[in-house]
$ cat final-v4.txt   # compact mmCIF, C-alpha atoms
# COMPACT_ATOMS: atom_id res chain seq x y z
CA MET A 1 120.82 -83.64 -69.07
CA PHE A 2 123.31 -86.02 -70.71
CA PRO A 3 125.31 -83.99 -73.24
CA ILE A 4 128.19 -86.48 -73.21
CA LEU A 5 128.11 -90.26 -73.06
CA ASN A 6 131.49 -91.49 -71.84
CA ILE A 7 132.23 -95.00 -73.11
CA GLY A 8 135.80 -95.87 -72.13
CA PRO A 9 138.07 -93.31 -73.84
CA LEU A 10 135.25 -92.21 -76.15
CA ALA A 11 133.20 -89.11 -75.37
CA ILE A 12 130.09 -89.42 -77.52
CA GLN A 13 127.93 -86.32 -77.90
CA THR A 14 124.49 -87.66 -76.98
CA PRO A 15 122.48 -84.89 -78.73
CA GLY A 16 124.25 -85.58 -82.03
CA LEU A 17 123.81 -89.32 -81.58
CA LEU A 18 120.07 -88.88 -81.00
CA ILE A 19 119.76 -86.76 -84.16
CA VAL A 20 121.57 -89.45 -86.18
CA ILE A 21 119.25 -92.14 -84.73
CA GLY A 22 116.27 -89.86 -85.50
CA VAL A 23 117.34 -89.46 -89.14
CA TYR A 24 117.88 -93.23 -89.43
CA VAL A 25 114.50 -94.16 -87.91
CA SER A 26 112.72 -91.52 -90.02
CA ILE A 27 114.33 -92.90 -93.20
CA LEU A 28 113.21 -96.40 -92.18
CA ILE A 29 109.66 -95.07 -91.83
CA VAL A 30 109.94 -93.16 -95.12
CA GLU A 31 110.83 -96.40 -96.87
CA LYS A 32 107.59 -97.96 -95.60
CA GLN A 33 105.49 -95.07 -96.91
CA PRO A 34 105.48 -95.70 -100.71
CA TYR A 35 103.39 -98.85 -100.24
CA ARG A 36 100.69 -96.72 -98.63
CA HIS A 37 100.96 -93.84 -101.06
CA ASN A 38 101.65 -95.52 -104.44
CA LEU A 39 105.14 -94.08 -104.79
CA LYS A 40 108.41 -95.72 -105.78
CA ALA A 41 110.48 -96.34 -102.64
CA SER A 42 113.68 -95.42 -104.49
CA ASP A 43 112.29 -92.00 -105.51
CA LEU A 44 111.46 -91.16 -101.92
CA SER A 45 114.81 -92.42 -100.57
CA ASN A 46 116.62 -90.42 -103.27
CA LEU A 47 114.65 -87.32 -102.35
CA ILE A 48 115.64 -87.66 -98.68
CA PHE A 49 119.26 -88.33 -99.69
CA VAL A 50 119.33 -85.25 -101.98
CA TYR A 51 117.80 -83.12 -99.19
CA LEU A 52 120.28 -84.27 -96.53
CA LEU A 53 123.28 -83.95 -98.87
CA SER A 54 122.29 -80.48 -100.02
CA THR A 55 121.70 -79.45 -96.38
CA ILE A 56 125.31 -80.38 -95.61
CA ILE A 57 126.72 -78.66 -98.71
CA ILE A 58 124.60 -75.50 -98.47
CA GLY A 59 125.10 -75.32 -94.68
CA ARG A 60 128.88 -75.36 -95.19
CA LEU A 61 128.83 -72.94 -98.16
CA SER A 62 126.62 -70.51 -96.26
CA TYR A 63 129.15 -70.50 -93.39
CA VAL A 64 132.02 -70.01 -95.88
CA PHE A 65 130.25 -66.98 -97.40
CA GLN A 66 129.84 -65.47 -93.94
CA TYR A 67 133.53 -65.87 -93.01
CA PRO A 68 135.39 -66.05 -96.36
CA SER A 69 138.74 -64.77 -95.02
CA ILE A 70 139.14 -67.85 -92.80
CA PHE A 71 138.65 -70.26 -95.68
CA ILE A 72 140.92 -68.25 -97.99
CA GLU A 73 143.71 -68.58 -95.39
CA ASN A 74 142.88 -72.25 -94.67
CA PRO A 75 141.25 -73.70 -97.81
CA LEU A 76 141.37 -77.26 -96.41
CA SER A 77 138.95 -76.18 -93.67
CA LEU A 78 136.29 -76.22 -96.39
CA PHE A 79 136.35 -80.01 -96.05
CA SER A 80 136.58 -80.09 -92.24
CA ILE A 81 134.19 -82.53 -90.58
CA SER A 82 133.64 -80.07 -87.71
CA PRO A 83 129.92 -79.30 -87.24
CA SER A 84 130.98 -75.87 -85.97
CA PHE A 85 131.61 -74.78 -89.58
CA PHE A 86 127.94 -75.13 -90.53
CA ASP A 87 125.10 -72.67 -90.85
CA ILE A 88 122.48 -75.34 -90.30
CA ASN A 89 119.43 -73.03 -90.57
CA SER A 90 120.38 -71.80 -94.05
CA GLY A 91 121.17 -75.39 -95.03
CA LEU A 92 117.79 -76.72 -93.91
CA ILE A 93 115.76 -73.91 -95.52
CA LEU A 94 117.61 -73.50 -98.83
CA SER A 95 117.75 -77.26 -99.36
CA LEU A 96 113.96 -77.25 -99.57
CA LEU A 97 114.40 -75.51 -102.94
CA ILE A 98 116.76 -78.26 -104.10
CA ALA A 99 114.21 -80.86 -102.96
CA LEU A 100 111.50 -79.00 -104.90
CA VAL A 101 113.65 -79.01 -108.05
CA PHE A 102 114.25 -82.76 -107.57
CA ILE A 103 110.50 -83.40 -107.19
CA GLN A 104 109.74 -81.44 -110.36
CA LYS A 105 112.55 -83.05 -112.35
CA LYS A 106 111.44 -86.55 -111.36
CA LYS A 107 107.80 -85.52 -111.95
CA LEU A 108 106.82 -86.79 -108.49
CA PRO A 109 103.31 -85.99 -107.24
CA ILE A 110 104.24 -83.31 -104.70
CA LEU A 111 101.15 -83.62 -102.49
CA ILE A 112 101.56 -87.40 -102.21
CA VAL A 113 105.25 -86.93 -101.41
CA LEU A 114 104.33 -84.44 -98.68
CA ASP A 115 101.72 -86.83 -97.26
CA SER A 116 104.27 -89.64 -97.17
CA ILE A 117 106.85 -87.60 -95.22
CA SER A 118 104.38 -86.32 -92.61
CA LEU A 119 104.71 -89.28 -90.22
CA PRO A 120 108.54 -89.51 -90.55
CA LEU A 121 108.67 -85.76 -89.85
CA LEU A 122 106.78 -86.20 -86.57
CA VAL A 123 108.99 -89.14 -85.56
CA PHE A 124 112.10 -87.08 -86.32
CA LEU A 125 110.74 -84.28 -84.13
CA VAL A 126 110.50 -86.76 -81.22
CA PHE A 127 114.24 -87.47 -81.56
CA LEU A 128 114.99 -83.77 -82.05
CA PHE A 129 113.34 -82.90 -78.72
CA LEU A 130 115.05 -85.84 -77.00
CA SER A 131 118.32 -84.44 -78.35
CA LEU A 132 117.44 -80.95 -77.09
CA PHE A 133 116.59 -82.44 -73.69
CA ALA A 134 119.98 -84.18 -73.60
CA SER A 135 121.84 -81.00 -74.49
CA GLY A 136 119.74 -78.75 -72.25
CA ASN A 137 118.94 -76.50 -75.20
CA PHE A 138 115.47 -75.13 -75.92
CA TYR A 139 115.00 -74.65 -72.18
CA GLY A 140 111.85 -73.46 -70.45
CA LYS A 141 111.06 -70.35 -68.44
CA PRO A 142 112.06 -70.24 -64.77
CA SER A 143 109.29 -71.79 -62.67
CA THR A 144 108.55 -73.26 -59.24
CA ILE A 145 105.93 -75.79 -60.43
CA PRO A 146 106.36 -79.24 -58.81
CA TRP A 147 107.59 -80.83 -62.09
CA ALA A 148 110.15 -78.08 -62.81
CA ILE A 149 113.67 -79.28 -63.64
CA THR A 150 116.88 -77.68 -62.42
CA LEU A 151 118.65 -76.29 -65.44
CA TRP A 152 121.00 -73.37 -66.18
CA GLY A 153 121.02 -71.75 -62.78
CA THR A 154 117.40 -72.21 -61.72
CA THR A 155 114.33 -74.48 -61.81
CA ARG A 156 112.51 -74.33 -65.15
CA HIS A 157 109.58 -75.66 -67.16
CA PRO A 158 110.74 -78.88 -68.88
CA LEU A 159 109.88 -77.41 -72.29
CA GLN A 160 111.46 -80.24 -74.30
CA LEU A 161 109.33 -82.76 -72.39
CA TYR A 162 106.19 -80.67 -73.01
CA TYR A 163 106.89 -80.91 -76.74
CA LEU A 164 107.63 -84.64 -76.51
CA ILE A 165 104.33 -85.26 -74.73
CA GLY A 166 102.54 -82.97 -77.20
CA LEU A 167 103.90 -84.93 -80.17
CA ILE A 168 102.31 -88.21 -79.02
CA PRO A 169 98.69 -87.21 -79.85
CA LEU A 170 99.94 -85.63 -83.09
CA ILE A 171 101.43 -88.96 -84.17
CA GLY A 172 98.14 -90.67 -83.15
CA ILE A 173 96.11 -88.18 -85.23
CA ASN A 174 98.44 -88.68 -88.21
CA VAL A 175 98.22 -92.49 -88.08
CA TYR A 176 94.42 -92.34 -87.59
CA THR A 177 93.94 -89.93 -90.53
CA SER A 178 96.22 -91.96 -92.80
CA ARG A 179 93.84 -94.93 -92.34
CA GLN A 180 90.80 -92.89 -93.36
CA ASN A 181 89.77 -91.57 -96.76
CA TYR A 182 91.48 -88.22 -97.01
CA GLN A 183 92.15 -85.79 -99.84
CA THR A 184 95.67 -85.84 -101.24
CA GLY A 185 97.84 -83.38 -99.32
CA ASP A 186 95.48 -83.21 -96.34
CA LEU A 187 97.63 -85.53 -94.23
CA PHE A 188 100.65 -83.24 -94.56
CA PHE A 189 98.74 -79.99 -94.07
CA GLN A 190 96.91 -81.45 -91.06
CA THR A 191 100.31 -82.39 -89.57
CA ILE A 192 101.67 -78.86 -90.12
CA PHE A 193 98.45 -77.44 -88.66
CA THR A 194 98.69 -79.55 -85.51
CA ILE A 195 102.41 -78.77 -85.10
CA SER A 196 101.54 -75.05 -85.41
CA ILE A 197 98.93 -75.33 -82.65
CA LEU A 198 101.45 -77.18 -80.47
CA VAL A 199 104.04 -74.42 -80.97
CA ILE A 200 101.49 -71.61 -80.38
CA PHE A 201 100.48 -73.06 -77.01
CA LEU A 202 103.75 -74.56 -75.77
CA ASP A 203 106.28 -71.97 -76.85
CA TYR A 204 104.87 -69.60 -74.26
CA PHE A 205 107.02 -71.63 -71.84
CA ASN A 206 110.20 -71.04 -73.90
CA GLY A 207 112.83 -69.46 -71.66
CA ASN A 208 115.21 -68.25 -74.37
CA PRO A 209 115.03 -64.43 -74.46
CA ASN A 210 116.78 -64.46 -77.88
CA ASN A 211 113.57 -66.00 -79.20
CA GLN A 212 111.75 -62.72 -78.75
CA ILE A 213 111.46 -59.48 -80.66
CA ALA A 214 109.75 -56.72 -78.62
CA SER A 215 108.02 -59.28 -76.34
CA PHE A 216 106.75 -61.25 -79.37
CA ASN A 217 107.81 -64.88 -79.42
CA ILE A 218 109.07 -65.39 -82.99
CA LEU A 219 108.26 -69.13 -83.12
CA GLN A 220 104.76 -68.51 -81.78
CA ILE A 221 104.09 -65.79 -84.36
CA ILE A 222 105.39 -67.92 -87.27
CA ALA A 223 103.22 -70.83 -86.09
CA TRP A 224 100.20 -68.53 -85.72
CA ILE A 225 100.60 -67.14 -89.27
CA LEU A 226 101.02 -70.69 -90.62
CA MET A 227 97.92 -71.89 -88.78
CA ILE A 228 95.75 -68.98 -90.00
CA THR A 229 97.01 -69.50 -93.57
CA LEU A 230 96.16 -73.22 -93.46
CA ILE A 231 92.66 -72.50 -92.10
CA ILE A 232 92.00 -69.92 -94.84
CA VAL A 233 93.31 -72.26 -97.58
CA LYS A 234 91.13 -75.06 -96.23
CA MET A 235 88.06 -72.78 -96.14
CA ILE A 236 88.67 -71.66 -99.74
CA LYS A 237 89.13 -75.27 -100.88
CA ARG A 238 85.94 -76.31 -99.12
CA LYS A 239 84.02 -73.42 -100.64
CA SER A 240 85.18 -74.19 -104.18
CA ALA A 241 84.39 -77.88 -103.67
CA ASN A 242 80.85 -77.02 -102.58
CA ARG A 243 80.20 -74.96 -105.76
CA MET B 1 69.49 -71.38 -97.63
CA LYS B 2 72.81 -72.66 -96.35
CA ASN B 3 73.60 -72.14 -92.68
CA PRO B 4 76.61 -69.70 -92.61
CA PHE B 5 77.57 -70.98 -89.15
CA ASN B 6 78.14 -74.64 -89.99
CA ARG B 7 80.21 -76.82 -87.63
CA ASN B 8 83.51 -76.54 -89.56
CA ARG B 9 83.33 -72.78 -89.86
CA LEU B 10 82.50 -72.36 -86.17
CA LEU B 11 85.38 -74.64 -85.23
CA SER B 12 87.80 -72.67 -87.42
CA ILE B 13 86.66 -69.37 -85.93
CA ALA B 14 87.00 -70.82 -82.40
CA VAL B 15 90.57 -72.06 -83.09
CA ILE B 16 91.57 -68.68 -84.58
CA LEU B 17 90.04 -66.78 -81.65
CA ILE B 18 91.52 -68.94 -78.88
CA SER B 19 94.99 -69.03 -80.43
CA THR B 20 94.98 -65.27 -81.10
CA LEU B 21 93.95 -64.52 -77.52
CA TRP B 22 96.64 -66.91 -76.24
CA VAL B 23 99.34 -65.25 -78.38
CA LEU B 24 98.26 -61.80 -77.15
CA PHE B 25 98.10 -62.92 -73.51
CA THR B 26 101.52 -64.60 -73.68
CA THR B 27 103.09 -61.63 -75.47
CA LEU B 28 102.08 -59.40 -72.57
CA SER B 29 103.65 -61.76 -70.02
CA ASN B 30 106.82 -62.36 -72.09
CA ASN B 31 108.40 -59.28 -70.54
CA GLU B 32 109.36 -61.38 -67.51
CA VAL B 33 111.76 -63.52 -69.58
CA SER B 34 113.67 -60.71 -71.25
CA GLY B 35 115.07 -59.66 -67.88
CA GLU B 36 116.49 -63.13 -67.12
CA ASN B 37 120.20 -63.01 -66.34
CA TYR B 38 121.44 -66.24 -64.77
CA SER B 39 125.01 -67.38 -65.08
CA ALA B 40 125.36 -70.88 -66.50
CA PRO B 41 127.75 -72.78 -68.79
CA GLN B 42 125.33 -72.49 -71.70
CA LYS B 43 125.09 -70.40 -74.87
CA GLY B 44 123.36 -67.06 -74.23
CA PHE B 45 123.95 -67.09 -70.46
CA SER B 46 126.50 -65.07 -68.47
CA ALA B 47 129.72 -67.07 -68.07
CA PRO B 48 130.10 -68.25 -64.43
CA ASP B 49 132.71 -66.15 -62.70
CA PHE B 50 135.87 -67.61 -61.12
CA ILE B 51 139.14 -66.51 -59.58
CA LEU B 52 142.27 -68.62 -60.22
CA GLN B 53 146.02 -68.24 -60.04
CA ASP B 54 148.43 -68.86 -62.90
CA LEU B 55 151.76 -70.72 -62.71
CA GLU B 56 153.52 -67.55 -61.46
CA GLY B 57 150.92 -66.94 -58.74
CA ASN B 58 149.16 -64.02 -60.51
CA GLN B 59 145.42 -63.87 -59.81
CA TYR B 60 142.86 -63.78 -62.64
CA GLN B 61 139.14 -63.09 -62.25
CA LEU B 62 136.97 -63.81 -65.29
CA SER B 63 134.51 -60.97 -64.60
CA SER B 64 137.36 -58.44 -64.71
CA PHE B 65 137.57 -59.05 -68.49
CA ILE B 66 134.06 -57.78 -69.26
CA GLY B 67 134.40 -55.53 -72.30
CA GLU B 68 136.88 -57.92 -73.90
CA LYS B 69 136.44 -61.12 -75.90
CA VAL B 70 137.50 -64.12 -73.81
CA ILE B 71 138.28 -67.74 -74.63
CA VAL B 72 138.26 -70.14 -71.66
CA ASN B 73 139.90 -73.42 -72.62
CA ILE B 74 139.69 -76.19 -70.00
CA TRP B 75 142.41 -78.77 -70.50
CA ALA B 76 144.83 -81.29 -68.97
CA SER B 77 148.42 -82.13 -69.92
CA TRP B 78 147.65 -85.87 -70.37
CA CYS B 79 144.73 -85.22 -72.74
CA LYS B 80 145.85 -85.81 -76.35
CA PRO B 81 143.33 -83.54 -78.13
CA CYS B 82 144.27 -80.79 -75.62
CA GLN B 83 147.93 -81.25 -76.51
CA TYR B 84 147.23 -81.12 -80.25
CA GLU B 85 145.22 -77.89 -80.09
CA MET B 86 147.66 -75.94 -77.88
CA PRO B 87 149.89 -74.76 -80.80
CA ALA B 88 146.77 -73.41 -82.54
CA LEU B 89 145.74 -71.61 -79.34
CA GLN B 90 149.24 -70.14 -79.02
CA LYS B 91 149.07 -68.80 -82.62
CA ILE B 92 145.64 -67.29 -81.89
CA HIS B 93 147.02 -65.66 -78.74
CA GLU B 94 149.92 -64.16 -80.69
CA LYS B 95 147.61 -62.91 -83.45
CA TYR B 96 144.72 -61.51 -81.40
CA SER B 97 145.99 -60.61 -77.92
CA ASP B 98 146.61 -56.99 -78.99
CA GLN B 99 143.10 -56.84 -80.51
CA GLY B 100 141.32 -57.30 -77.18
CA LEU B 101 141.19 -61.09 -77.02
CA VAL B 102 141.96 -62.76 -73.70
CA LEU B 103 142.84 -66.45 -73.74
CA LEU B 104 142.62 -68.25 -70.39
CA ALA B 105 143.74 -71.89 -70.36
CA VAL B 106 142.31 -73.46 -67.21
CA ASN B 107 144.27 -76.57 -66.33
CA ASN B 108 142.34 -79.34 -64.55
CA THR B 109 145.13 -79.48 -61.97
CA TYR B 110 143.09 -81.63 -59.58
CA GLN B 111 143.26 -84.38 -62.23
CA ASP B 112 146.72 -83.49 -63.48
CA ASN B 113 150.33 -83.41 -62.30
CA TYR B 114 151.76 -79.95 -61.58
CA SER B 115 155.26 -80.74 -62.89
CA ASN B 116 153.80 -82.28 -66.10
CA VAL B 117 151.87 -79.06 -66.64
CA VAL B 118 155.00 -76.92 -66.20
CA ASP B 119 157.00 -79.19 -68.55
CA PHE B 120 154.25 -79.11 -71.17
CA VAL B 121 153.94 -75.32 -71.04
CA SER B 122 157.68 -74.74 -71.41
CA ALA B 123 158.09 -77.42 -74.11
CA ASN B 124 155.37 -75.74 -76.20
CA ASN B 125 156.43 -72.15 -75.41
CA LEU B 126 152.93 -71.21 -74.31
CA THR B 127 152.75 -67.53 -73.40
CA PHE B 128 149.07 -67.15 -72.51
CA PRO B 129 147.90 -67.48 -68.87
CA ILE B 130 147.75 -71.07 -67.62
CA LEU B 131 145.35 -71.05 -64.67
CA MET B 132 145.45 -73.81 -62.09
CA ASP B 133 142.09 -75.30 -61.07
CA LEU B 134 143.47 -77.00 -57.97
CA ASP B 135 140.18 -78.19 -56.44
CA GLY B 136 138.11 -78.67 -59.63
CA ASN B 137 135.76 -75.77 -58.82
CA VAL B 138 135.86 -74.35 -62.35
CA SER B 139 135.29 -77.78 -63.91
CA GLN B 140 132.28 -78.19 -61.67
CA LEU B 141 131.03 -74.65 -62.35
CA TYR B 142 131.31 -75.20 -66.12
CA LYS B 143 129.92 -78.77 -65.87
CA VAL B 144 132.91 -80.12 -67.82
CA GLN B 145 132.25 -83.67 -69.01
CA ALA B 146 134.97 -83.98 -71.65
CA LEU B 147 138.38 -82.44 -72.25
CA PRO B 148 139.13 -80.10 -73.83
CA SER B 149 136.09 -77.87 -73.39
CA THR B 150 136.27 -74.37 -74.80
CA PHE B 151 133.96 -71.44 -74.06
CA PHE B 152 133.87 -68.34 -76.28
CA ILE B 153 132.66 -65.36 -74.25
CA ASP B 154 131.56 -62.06 -75.80
CA ARG B 155 132.29 -58.51 -74.58
CA ASN B 156 129.17 -58.56 -72.37
CA GLY B 157 130.38 -61.65 -70.53
CA LYS B 158 127.85 -63.94 -72.25
CA ILE B 159 128.78 -67.34 -73.66
CA SER B 160 128.53 -67.22 -77.44
CA GLU B 161 129.80 -70.70 -78.34
CA ILE B 162 130.90 -73.91 -76.62
CA ILE B 163 133.16 -76.45 -78.30
CA ILE B 164 133.30 -79.76 -76.47
CA GLY B 165 136.20 -81.98 -77.48
CA GLY B 166 139.03 -81.28 -79.85
CA PRO B 167 141.49 -80.67 -81.24
CA MET B 168 140.25 -77.34 -82.58
CA SER B 169 141.95 -76.04 -85.69
CA GLU B 170 143.25 -72.48 -85.90
CA ALA B 171 140.59 -71.76 -88.54
CA LEU B 172 137.81 -72.97 -86.25
CA ILE B 173 139.02 -70.80 -83.36
CA GLU B 174 139.28 -67.78 -85.68
CA ALA B 175 135.77 -68.37 -87.00
CA LYS B 176 134.37 -68.44 -83.47
CA ILE B 177 136.27 -65.23 -82.60
CA MET B 178 134.64 -63.58 -85.63
CA GLU B 179 131.23 -64.83 -84.47
CA LEU B 180 131.89 -63.03 -81.16
CA GLU B 181 131.85 -59.73 -83.12
CA LYS B 182 128.28 -60.35 -84.38

$ encode --input "final-v4.txt" --output "structure tokens"
Amino acid sequence: MFPILNIGPLAIQTPGLLIVIGVYVSILIVEKQPYRHNLKASDLSNLIFVYLLSTIIIGRLSYVFQYPSIFIENPLSLFSISPSFFDINSGLILSLLIALVFIQKKKLPILIVLDSISLPLLVFLVFLFLSLFASGNFYGKPSTIPWAITLWGTTRHPLQLYYLIGLIPLIGINVYTSRQNYQTGDLFFQTIFTISILVIFLDYFNGNPNNQIASFNILQIIAWILMITLIIVKMIKRKSANR
Amino acid sequence: MKNPFNRNRLLSIAVILISTLWVLFTTLSNNEVSGENYSAPQKGFSAPDFILQDLEGNQYQLSSFIGEKVIVNIWASWCKPCQYEMPALQKIHEKYSDQGLVLLAVNNTYQDNYSNVVDFVSANNLTFPILMDLDGNVSQLYKVQALPSTFFIDRNGKISEIIIGGPMSEALIEAKIMELEK
């Protein structure tokens, strides 16, 4: 684990750095996508920009609404650069609505947009799990397997590495499919489907007890519901196409 | 007549079946994890216990504060961000010490100068306990890689938040204290 990279007097937080690199690389890949999907590069870049900006604003506002008294006493803290004043989950989820509004306003073909962000999404996940490996978060269950890593008081499954390895075939499948004739939207939904399967099988090794409600792994259940939904939608689509 | 068991449908049914069985199997064996209770310098884990003396020679044991909210701030007198956040920590101590908040400032004495620490504490009128980590055991236990490092510990002795680096503002410290109540 390398949570801090000490360069002279600077203590750089490696997980944060990896996320920033991940966002940058994903944007670079996004910019290559319009040529493959007949979209304007500027529309896609603007969409990503709007999503990231609204994540920051909504993430901060959500935190402010949770602890208003602090910001009433110290109004300048509203503009603090500290990442500790963010509710990142609310930011990421609610910003999807803003992105949807942007797509509708710009009259962008939503399925093509989704297809074009599927590969950048997978690449970002690679950096996300590298970041989680650096910080030691998203740790595995205690284990004595030969490849277990020593982390947080015991030897554990290297869960972050399992996900990293699992993402490699997913990227391969995405690139392969994108070179075939596929129906619009299929590339994105196939990516979500494969990520769901990855989560269903790998999150069993998740060691975080806060991830569970009455022995049910929340991530696993969400992924399972998503996977079943995608299979049913696909079956219905296939049935109506056959008519 | 169309074959109702075509390849795609069979594959879909197989995926649904295998994944459902896997989820059920793993749910049954998830009970093992919920009992996990290791101490580690990580969010969600029990804070590693330590015993240290303050500048007056009084002994403090972290585990004796279970039932109270605790902030462990690891610092050194030569570290600029540590210096800048000390007034904010003092204000927090004054505001919350009678509300069940314990603030323990662990000085990295093995990398510091004892007389500089004493001078700094008196110059800044710090009234919370300044604990002396003479041999670096606490730094090692908490895997400190940058100063200051601050650990917010809930009433059950579990780490709720870790702030690496500084200086922390008074508002940030207050927000993290409020999060401890969740």

$ closest_residue --input "final-v4.txt" --among "A:Thr177, A:Ser26, A:Thr150, A:Asn46" --to "chain B" --atoms "all atoms listed in the file"
A:Thr150

$ residues_around --input "final-v4.txt" --residues "segment 150-162 of chain B" --least-positions-apart "5" --cutoff "7 Å" --atoms "only C-alpha atoms" --output "list in words"
Gln42, Lys43, Gly44, Phe45, Ser46, Ala47, Ile66, Gly67, Glu68, Lys69, Val70, Ile71, Val72, Asn73, Ile74 and Leu180 of chain B

$ interface_residues --input "final-v4.txt" --of "chain A" --to "chain B" --cutoff "9 Å" --atoms "only C-alpha atoms" --output "ChimeraX atom specification"
/A:3-6,11,13,67,70-71,73-74,77,82,84-85,136-137,141-142,151-154,197,200-201,204,206-210,212,214-217,220-221,224,227-228,231-232,235

$ closest_residue --input "final-v4.txt" --among "B:Val102, B:Ala76, B:Pro129, B:Asp54" --to "Asn116 of chain B" --atoms "all atoms listed in the file"
B:Ala76

$ atom_distance --input "final-v4.txt" --atom1 "atom CA of Leu126 of chain B" --atom2 "atom CA of Asp49 of chain B"
23.9 Å

$ closest_residue --input "final-v4.txt" --among "B:Asn58, B:Asn113, B:Thr127, B:Asn107" --to "Cys82 of chain B" --atoms "all atoms listed in the file"
B:Asn107

$ closest_residue --input "final-v4.txt" --among "A:Leu130, A:Asp87, A:Ile27, A:Phe189" --to "Val233 of chain A" --atoms "all atoms listed in the file"
A:Phe189

$ atom_distance --input "final-v4.txt" --atom1 "atom CA of Ala14 of chain B" --atom2 "atom CA of Gln190 of chain A"
16.9 Å

$ closest_residue --input "final-v4.txt" --among "A:Ile93, A:Val123, A:Ile213, A:Leu159" --to "Gly140 of chain A" --atoms "only C-alpha atoms"
A:Leu159

$ closest_residue --input "final-v4.txt" --among "B:Leu11, B:Ile177, B:Val117, B:Val138" --to "Leu101 of chain B" --atoms "only C-alpha atoms"
B:Ile177

$ atom_distance --input "final-v4.txt" --atom1 "atom CA of Asp133 of chain B" --atom2 "atom CA of Thr109 of chain B"
5.2 Å

$ residues_near_point --input "final-v4.txt" --point "(128.1, -71.4, -92.6)" --cutoff "8 Å" --atoms "only C-alpha atoms" --output "list in words"
Ile58, Gly59, Arg60, Leu61, Ser62, Tyr63, Val64, Phe65, Gln66, Tyr67, Phe85, Phe86, Asp87, Ile88 and Ser90 of chain A

$ build_atoms --input "final-v4.txt" --residues "segment 102-115 of chain A" --atoms "N, CA and C atoms" --output "tab-separated table (two decimals), in the frame of the given file"
chain	number	residue	atom	x	y	z
A	102	PHE	N	114.16	-81.31	-107.38
A	102	PHE	CA	114.25	-82.76	-107.57
A	102	PHE	C	112.86	-83.35	-107.84
A	103	ILE	N	111.88	-82.90	-107.04
A	103	ILE	CA	110.50	-83.40	-107.19
A	103	ILE	C	109.96	-83.08	-108.58
A	104	GLN	N	110.23	-81.86	-109.04
A	104	GLN	CA	109.74	-81.44	-110.36
A	104	GLN	C	110.44	-82.20	-111.48
A	105	LYS	N	111.77	-82.37	-111.32
A	105	LYS	CA	112.55	-83.05	-112.35
A	105	LYS	C	112.12	-84.50	-112.49
A	106	LYS	N	111.84	-85.13	-111.36
A	106	LYS	CA	111.44	-86.55	-111.36
A	106	LYS	C	109.93	-86.70	-111.59
A	107	LYS	N	109.26	-85.54	-111.73
A	107	LYS	CA	107.80	-85.52	-111.95
A	107	LYS	C	107.06	-86.31	-110.87
A	108	LEU	N	107.47	-86.10	-109.62
A	108	LEU	CA	106.82	-86.79	-108.49
A	108	LEU	C	105.57	-86.01	-108.10
A	109	PRO	N	104.51	-86.70	-107.68
A	109	PRO	CA	103.31	-85.99	-107.24
A	109	PRO	C	103.58	-85.33	-105.88
A	110	ILE	N	103.75	-84.02	-105.89
A	110	ILE	CA	104.24	-83.31	-104.70
A	110	ILE	C	103.35	-83.50	-103.47
A	111	LEU	N	102.04	-83.49	-103.66
A	111	LEU	CA	101.15	-83.62	-102.49
A	111	LEU	C	101.26	-85.01	-101.87
A	112	ILE	N	101.41	-86.02	-102.74
A	112	ILE	CA	101.56	-87.40	-102.21
A	112	ILE	C	102.90	-87.54	-101.49
A	113	VAL	N	103.93	-86.91	-102.06
A	113	VAL	CA	105.25	-86.93	-101.41
A	113	VAL	C	105.15	-86.29	-100.02
A	114	LEU	N	104.47	-85.14	-99.97
A	114	LEU	CA	104.33	-84.44	-98.68
A	114	LEU	C	103.56	-85.29	-97.67
A	115	ASP	N	102.49	-85.94	-98.15
A	115	ASP	CA	101.72	-86.83	-97.26
A	115	ASP	C	102.62	-87.94	-96.71
